[in-house]
$ cat entry.pdb   # PDB, C-alpha atoms
ATOM      1  CA  MET A 604       0.000   0.000   0.000  1.00  0.00           C
ATOM      2  CA  ALA A 605       1.291   3.447  -0.896  1.00  0.00           C
ATOM      3  CA  ARG A 606       1.659   6.116   1.777  1.00  0.00           C
ATOM      4  CA  ALA A 607       1.770   9.842   1.098  1.00  0.00           C
ATOM      5  CA  LEU A 608       3.017  12.735   3.183  1.00  0.00           C
ATOM      6  CA  ILE A 609       1.232  15.976   2.371  1.00  0.00           C
ATOM      7  CA  VAL A 610       3.303  18.925   3.554  1.00  0.00           C
ATOM      8  CA  ALA A 611       0.885  21.759   4.294  1.00  0.00           C
ATOM      9  CA  CYS A 612      -2.349  19.814   4.601  1.00  0.00           C
ATOM     10  CA  GLY A 613      -4.795  22.730   4.547  1.00  0.00           C
ATOM     11  CA  CYS A 614      -8.115  22.692   2.744  1.00  0.00           C
ATOM     12  CA  ARG A 615      -6.752  21.619  -0.653  1.00  0.00           C
ATOM     13  CA  GLY A 616      -4.347  19.205   0.989  1.00  0.00           C
ATOM     14  CA  ARG A 617      -7.215  17.574   2.858  1.00  0.00           C
ATOM     15  CA  GLU A 618      -9.182  17.291  -0.401  1.00  0.00           C
ATOM     16  CA  LEU A 619      -6.185  15.620  -2.047  1.00  0.00           C
ATOM     17  CA  GLY A 620      -5.651  13.420   0.997  1.00  0.00           C
ATOM     18  CA  GLN A 621      -9.273  12.304   0.954  1.00  0.00           C
ATOM     19  CA  ARG A 622      -9.005  11.362  -2.731  1.00  0.00           C
ATOM     20  CA  LEU A 623      -5.881   9.343  -1.994  1.00  0.00           C
ATOM     21  CA  VAL A 624      -7.494   7.662   1.034  1.00  0.00           C
ATOM     22  CA  ASP A 625     -10.498   6.761  -1.127  1.00  0.00           C
ATOM     23  CA  ALA A 626      -8.068   5.181  -3.615  1.00  0.00           C
ATOM     24  CA  GLY A 627      -6.566   2.994  -0.871  1.00  0.00           C
ATOM     25  CA  TRP A 628      -3.579   5.104   0.164  1.00  0.00           C
ATOM     26  CA  GLU A 629      -2.489   5.792   3.701  1.00  0.00           C
ATOM     27  CA  VAL A 630      -2.008   9.517   4.081  1.00  0.00           C
ATOM     28  CA  ARG A 631      -0.248  11.707   6.624  1.00  0.00           C
ATOM     29  CA  GLY A 632      -0.726  15.471   6.489  1.00  0.00           C
ATOM     30  CA  THR A 633       1.318  18.159   8.185  1.00  0.00           C
ATOM     31  CA  THR A 634       0.249  21.339   9.873  1.00  0.00           C
ATOM     32  CA  ARG A 635       2.268  23.922  11.764  1.00  0.00           C
ATOM     33  CA  GLU A 636      -0.613  24.446  14.199  1.00  0.00           C
ATOM     34  CA  PRO A 637      -1.647  21.539  16.476  1.00  0.00           C
ATOM     35  CA  GLY A 638      -5.170  22.987  16.592  1.00  0.00           C
ATOM     36  CA  ASN A 639      -5.594  22.116  12.886  1.00  0.00           C
ATOM     37  CA  SER A 640      -5.036  18.404  13.509  1.00  0.00           C
ATOM     38  CA  PRO A 641      -8.727  17.503  14.133  1.00  0.00           C
ATOM     39  CA  GLY A 642      -9.683  18.811  10.674  1.00  0.00           C
ATOM     40  CA  ILE A 643      -7.015  16.632   9.092  1.00  0.00           C
ATOM     41  CA  VAL A 644      -7.987  13.550  11.090  1.00  0.00           C
ATOM     42  CA  ALA A 645     -11.673  14.049  10.214  1.00  0.00           C
ATOM     43  CA  GLY A 646     -10.812  13.184   6.597  1.00  0.00           C
ATOM     44  CA  GLY A 647      -9.181   9.885   7.527  1.00  0.00           C
ATOM     45  CA  ILE A 648      -5.709  11.416   7.319  1.00  0.00           C
ATOM     46  CA  GLU A 649      -3.061  11.009  10.001  1.00  0.00           C
ATOM     47  CA  ALA A 650      -2.074  14.432  11.334  1.00  0.00           C
ATOM     48  CA  ALA A 651       1.523  15.426  12.028  1.00  0.00           C
ATOM     49  CA  VAL A 652       2.765  18.713  13.433  1.00  0.00           C
ATOM     50  CA  ALA A 653       5.712  19.901  11.335  1.00  0.00           C
ATOM     51  CA  ASP A 654       6.993  23.178   9.928  1.00  0.00           C
ATOM     52  CA  PRO A 655       8.401  23.318   6.377  1.00  0.00           C
ATOM     53  CA  ASP A 656      10.703  26.104   7.535  1.00  0.00           C
ATOM     54  CA  ARG A 657      12.372  23.483   9.759  1.00  0.00           C
ATOM     55  CA  ALA A 658      13.398  20.696   7.395  1.00  0.00           C
ATOM     56  CA  ALA A 659      14.137  18.250  10.208  1.00  0.00           C
ATOM     57  CA  SER A 660      10.532  18.456  11.411  1.00  0.00           C
ATOM     58  CA  ILE A 661       9.357  17.313   7.972  1.00  0.00           C
ATOM     59  CA  LEU A 662      12.000  14.610   7.676  1.00  0.00           C
ATOM     60  CA  GLU A 663      10.800  13.068  10.957  1.00  0.00           C
ATOM     61  CA  HIS A 664       7.681  11.928   9.095  1.00  0.00           C
ATOM     62  CA  VAL A 665       9.088  10.293   5.938  1.00  0.00           C
ATOM     63  CA  GLY A 666      10.298   6.961   7.335  1.00  0.00           C
ATOM     64  CA  ASP A 667       7.385   4.982   5.891  1.00  0.00           C
ATOM     65  CA  VAL A 668       6.331   7.260   3.044  1.00  0.00           C
ATOM     66  CA  THR A 669       6.239   6.519  -0.687  1.00  0.00           C
ATOM     67  CA  LEU A 670       5.476  10.032  -1.992  1.00  0.00           C
ATOM     68  CA  VAL A 671       5.869  13.537  -0.596  1.00  0.00           C
ATOM     69  CA  PHE A 672       3.602  16.380  -1.732  1.00  0.00           C
ATOM     70  CA  TRP A 673       5.069  19.871  -1.149  1.00  0.00           C
ATOM     71  CA  LEU A 674       1.913  22.020  -1.234  1.00  0.00           C
ATOM     72  CA  LEU A 675       3.271  25.464  -0.472  1.00  0.00           C
ATOM     73  CA  GLY A 676       2.378  27.347  -3.652  1.00  0.00           C
ATOM     74  CA  SER A 677      -0.019  29.581  -1.710  1.00  0.00           C
ATOM     75  CA  ALA A 678       1.791  29.630   1.631  1.00  0.00           C
ATOM     76  CA  LEU A 679       1.305  32.710   3.773  1.00  0.00           C
ATOM     77  CA  ALA A 680       4.466  33.891   5.499  1.00  0.00           C
ATOM     78  CA  GLU A 681       7.124  36.579   5.458  1.00  0.00           C
ATOM     79  CA  PRO A 682       9.097  36.794   2.183  1.00  0.00           C
ATOM     80  CA  GLU A 683      12.249  35.362   3.781  1.00  0.00           C
ATOM     81  CA  VAL A 684      10.304  32.306   4.975  1.00  0.00           C
ATOM     82  CA  ILE A 685       8.658  31.867   1.560  1.00  0.00           C
ATOM     83  CA  GLY A 686      12.086  32.102  -0.034  1.00  0.00           C
ATOM     84  CA  ALA A 687      13.438  29.477   2.342  1.00  0.00           C
ATOM     85  CA  ILE A 688      10.628  26.931   1.920  1.00  0.00           C
ATOM     86  CA  HIS A 689      10.941  27.176  -1.868  1.00  0.00           C
ATOM     87  CA  GLY A 690      14.737  27.312  -1.670  1.00  0.00           C
ATOM     88  CA  PRO A 691      17.172  26.065   0.987  1.00  0.00           C
ATOM     89  CA  ARG A 692      14.629  24.195   3.158  1.00  0.00           C
ATOM     90  CA  LEU A 693      13.177  22.445   0.119  1.00  0.00           C
ATOM     91  CA  GLU A 694      16.672  21.609  -1.132  1.00  0.00           C
ATOM     92  CA  ARG A 695      17.601  20.173   2.271  1.00  0.00           C
ATOM     93  CA  VAL A 696      14.506  17.966   2.346  1.00  0.00           C
ATOM     94  CA  LEU A 697      15.191  16.732  -1.187  1.00  0.00           C
ATOM     95  CA  GLU A 698      18.813  15.945  -0.347  1.00  0.00           C
ATOM     96  CA  GLU A 699      17.842  13.960   2.737  1.00  0.00           C
ATOM     97  CA  LEU A 700      15.150  11.967   0.897  1.00  0.00           C
ATOM     98  CA  VAL A 701      17.879   9.986  -0.831  1.00  0.00           C
ATOM     99  CA  ASP A 702      18.375   7.929   2.344  1.00  0.00           C
ATOM    100  CA  THR A 703      14.668   7.273   2.987  1.00  0.00           C
ATOM    101  CA  PRO A 704      11.973   5.014   1.533  1.00  0.00           C
ATOM    102  CA  VAL A 705      10.473   7.978  -0.367  1.00  0.00           C
ATOM    103  CA  ARG A 706      10.223   7.132  -4.060  1.00  0.00           C
ATOM    104  CA  GLY A 707       8.705  10.287  -5.472  1.00  0.00           C
ATOM    105  CA  PHE A 708       8.150  13.981  -4.863  1.00  0.00           C
ATOM    106  CA  VAL A 709       5.322  16.232  -6.084  1.00  0.00           C
ATOM    107  CA  TYR A 710       5.939  19.990  -6.062  1.00  0.00           C
ATOM    108  CA  GLU A 711       3.108  22.512  -6.274  1.00  0.00           C
ATOM    109  CA  ALA A 712       4.352  25.183  -8.711  1.00  0.00           C
ATOM    110  CA  GLY A 713       1.078  27.114  -8.956  1.00  0.00           C
ATOM    111  CA  GLY A 714      -0.420  29.437  -6.391  1.00  0.00           C
ATOM    112  CA  ARG A 715      -0.322  32.899  -4.853  1.00  0.00           C
ATOM    113  CA  VAL A 716       3.367  32.850  -3.910  1.00  0.00           C
ATOM    114  CA  GLN A 717       5.474  35.121  -6.121  1.00  0.00           C
ATOM    115  CA  ARG A 718       6.413  33.415  -9.355  1.00  0.00           C
ATOM    116  CA  LYS A 719      10.163  33.787  -8.680  1.00  0.00           C
ATOM    117  CA  TYR A 720       9.877  31.557  -5.597  1.00  0.00           C
ATOM    118  CA  LEU A 721       7.808  28.919  -7.386  1.00  0.00           C
ATOM    119  CA  GLU A 722      10.240  28.861 -10.301  1.00  0.00           C
ATOM    120  CA  ARG A 723      13.166  28.514  -7.902  1.00  0.00           C
ATOM    121  CA  GLY A 724      11.449  25.632  -6.121  1.00  0.00           C
ATOM    122  CA  ALA A 725      10.577  23.880  -9.373  1.00  0.00           C
ATOM    123  CA  ALA A 726      14.193  24.222 -10.501  1.00  0.00           C
ATOM    124  CA  ALA A 727      15.412  22.750  -7.206  1.00  0.00           C
ATOM    125  CA  VAL A 728      13.056  19.794  -7.585  1.00  0.00           C
ATOM    126  CA  ARG A 729      14.160  19.149 -11.166  1.00  0.00           C
ATOM    127  CA  ALA A 730      17.825  19.424 -10.141  1.00  0.00           C
ATOM    128  CA  ALA A 731      17.264  16.875  -7.366  1.00  0.00           C
ATOM    129  CA  ALA A 732      15.644  14.535  -9.871  1.00  0.00           C
ATOM    130  CA  GLU A 733      18.675  14.821 -12.107  1.00  0.00           C
ATOM    131  CA  ARG A 734      21.273  14.602  -9.344  1.00  0.00           C
ATOM    132  CA  TRP A 735      19.782  11.875  -7.153  1.00  0.00           C
ATOM    133  CA  ARG A 736      17.403  10.174  -9.583  1.00  0.00           C
ATOM    134  CA  ILE A 737      14.385  11.018  -7.438  1.00  0.00           C
ATOM    135  CA  PRO A 738      11.246  10.700  -9.568  1.00  0.00           C
ATOM    136  CA  VAL A 739       9.421  14.027  -9.420  1.00  0.00           C
ATOM    137  CA  GLU A 740       6.369  15.785 -10.770  1.00  0.00           C
ATOM    138  CA  VAL A 741       6.018  19.565 -10.889  1.00  0.00           C
ATOM    139  CA  VAL A 742       2.333  20.504 -10.967  1.00  0.00           C
ATOM    140  CA  ASP A 743       1.519  24.048 -12.038  1.00  0.00           C
ATOM    141  CA  GLU A 744      -2.255  23.681 -12.162  1.00  0.00           C
ATOM    142  CA  ASP A 745      -4.068  26.729 -10.783  1.00  0.00           C
ATOM    143  CA  PRO A 746      -5.093  25.865  -7.207  1.00  0.00           C
ATOM    144  CA  CYS A 747      -8.120  28.156  -7.529  1.00  0.00           C
ATOM    145  CA  ASP A 748      -9.726  25.439  -9.673  1.00  0.00           C
ATOM    146  CA  TRP A 749      -9.874  22.797  -6.929  1.00  0.00           C
ATOM    147  CA  ARG A 750     -11.171  19.994  -9.130  1.00  0.00           C
ATOM    148  CA  ALA A 751      -8.542  20.439 -11.858  1.00  0.00           C
ATOM    149  CA  TRP A 752      -5.832  20.964  -9.232  1.00  0.00           C
ATOM    150  CA  THR A 753      -6.813  17.835  -7.297  1.00  0.00           C
ATOM    151  CA  ASP A 754      -7.035  15.788 -10.497  1.00  0.00           C
ATOM    152  CA  ALA A 755      -3.554  17.014 -11.502  1.00  0.00           C
ATOM    153  CA  MET A 756      -2.120  16.079  -8.098  1.00  0.00           C
ATOM    154  CA  VAL A 757      -3.714  12.625  -8.123  1.00  0.00           C
ATOM    155  CA  GLY A 758      -2.458  12.115 -11.683  1.00  0.00           C
ATOM    156  CA  ALA A 759       1.056  13.050 -10.591  1.00  0.00           C
ATOM    157  CA  ALA A 760       0.867  10.520  -7.754  1.00  0.00           C
ATOM    158  CA  GLU A 761      -0.340   7.795 -10.087  1.00  0.00           C
ATOM    159  CA  ARG A 762       2.461   8.471 -12.564  1.00  0.00           C
ATOM    160  CA  LEU A 763       5.102   8.434  -9.842  1.00  0.00           C
ATOM    161  CA  VAL A 764       3.841   5.230  -8.244  1.00  0.00           C
ATOM    162  CA  GLY A 765       3.786   3.642 -11.697  1.00  0.00           C
ATOM    163  CA  ARG A 766       7.506   4.454 -12.111  1.00  0.00           C
ATOM    164  CA  THR A 767       8.692   2.912  -8.839  1.00  0.00           C
TER
END
$ encode --input "entry.pdb" --output "structure tokens"
Amino acid sequence: MARALIVACGCRGRELGQRLVDAGWEVRGTTREPGNSPGIVAGGIEAAVADPDRAASILEHVGDVTLVFWLLGSALAEPEVIGAIHGPRLERVLEELVDTPVRGFVYEAGGRVQRKYLERGAAAVRAAAERWRIPVEVVDEDPCDWRAWTDAMVGAAERLVGRT
């Protein structure tokens, strides 16, 4: 059975997680705020408190994961934090995934975050795929269209699982 880790399991992340659960996946979703955990659990998703600005807190939750979804295309934070989670923190997570069971990574490249950060993150993900042979998908579907976005994310997961 495949297991996914959804980093930033807000409303869209919970929708994605529910679709994956319905398809037989086990899903874990992260939140920075412990008070958001009940909403995650209500969808049949395991909740985990972790902050993408602290790579180690994310890496604590990948030991039994097949795919990681990095859903931070519409993250709300100070510009330096946004730059970090689409730059050095993301790069650190990708580097550390080499020594884990993770077999694929899905990056959300669409959203409200400034384009320069999303492009930097997508480039980091593609570079990791080249360097460490991590199968990746970069999804730039507009998250405002929830159905199309969710379909694109599920499609990315299916393609990645088919490659492993």
$ atom_distance --input "entry.pdb" --atom1 "CA of Val705 in chain A" --atom2 "CA of Ala755 in chain A"
20.1 Å
$ residues_around --input "entry.pdb" --residues "Glu694 in chain A" --least-positions-apart "4" --cutoff "8 Å" --atoms "only C-alpha atoms" --output "PyMOL selection string"
chain A and resi 690+698+727-728+731
$ closest_residue --input "entry.pdb" --among "A:Gly647, A:Asp702, A:Gly707, A:Asp754" --to "Asp625 in chain A" --atoms "all atoms listed in the file"
A:Gly647
$ axis_aligned_box --input "entry.pdb" --around "range 716-728 of chain A" --padding-each-side "4 Å" --output "AutoDock Vina command-line options"
--center_x 9.4 --center_y 27.5 --center_z -7.2 --size_x 20.0 --size_y 23.3 --size_z 14.6
$ resolve_selection --input "entry.pdb" --expression "the PyMOL selection byres ((chain A and resi 720) around 10)" --output "NGL selection string"
:A and (676 or 682 or 685-690 or 712 or 716-719 or 721-726)
$ atom_distance --input "entry.pdb" --atom1 "CA of Ala626 in chain A" --atom2 "CA of Asp745 in chain A"
23.1 Å
$ residues_near_point --input "entry.pdb" --point "(-2.5, 18.6, 2.1)" --cutoff "10 Å" --atoms "all atoms listed in the file" --output "ChimeraX atom specification"
/A:607-621,630-634,643,648,672-675
$ closest_residue --input "entry.pdb" --among "A:Val684, A:Ala645, A:Val668, A:Val739" --to "Glu761 in chain A" --atoms "all atoms listed in the file"
A:Val739
$ closest_residue --input "entry.pdb" --among "A:Trp749, A:Arg692, A:Pro738, A:Ala732" --to "Arg657 in chain A" --atoms "only C-alpha atoms"
A:Arg692
$ atom_distance --input "entry.pdb" --atom1 "CA of Ser660 in chain A" --atom2 "CA of Val742 in chain A"
23.9 Å
$ closest_residue --input "entry.pdb" --among "A:Arg715, A:Leu697, A:Glu636, A:Leu623" --to "Trp735 in chain A" --atoms "all atoms listed in the file"
A:Leu697
$ resolve_selection --input "entry.pdb" --expression "the PyMOL selection byres ((chain A and resi 666) around 12)" --output "list in words"
Arg606, Ala607, Leu608, Arg631, Ile661, Leu662, Glu663, His664, Val665, Asp667, Val668, Thr669, Leu670, Val671, Glu699, Leu700, Val701, Asp702, Thr703, Pro704, Val705 and Arg706 of chain A
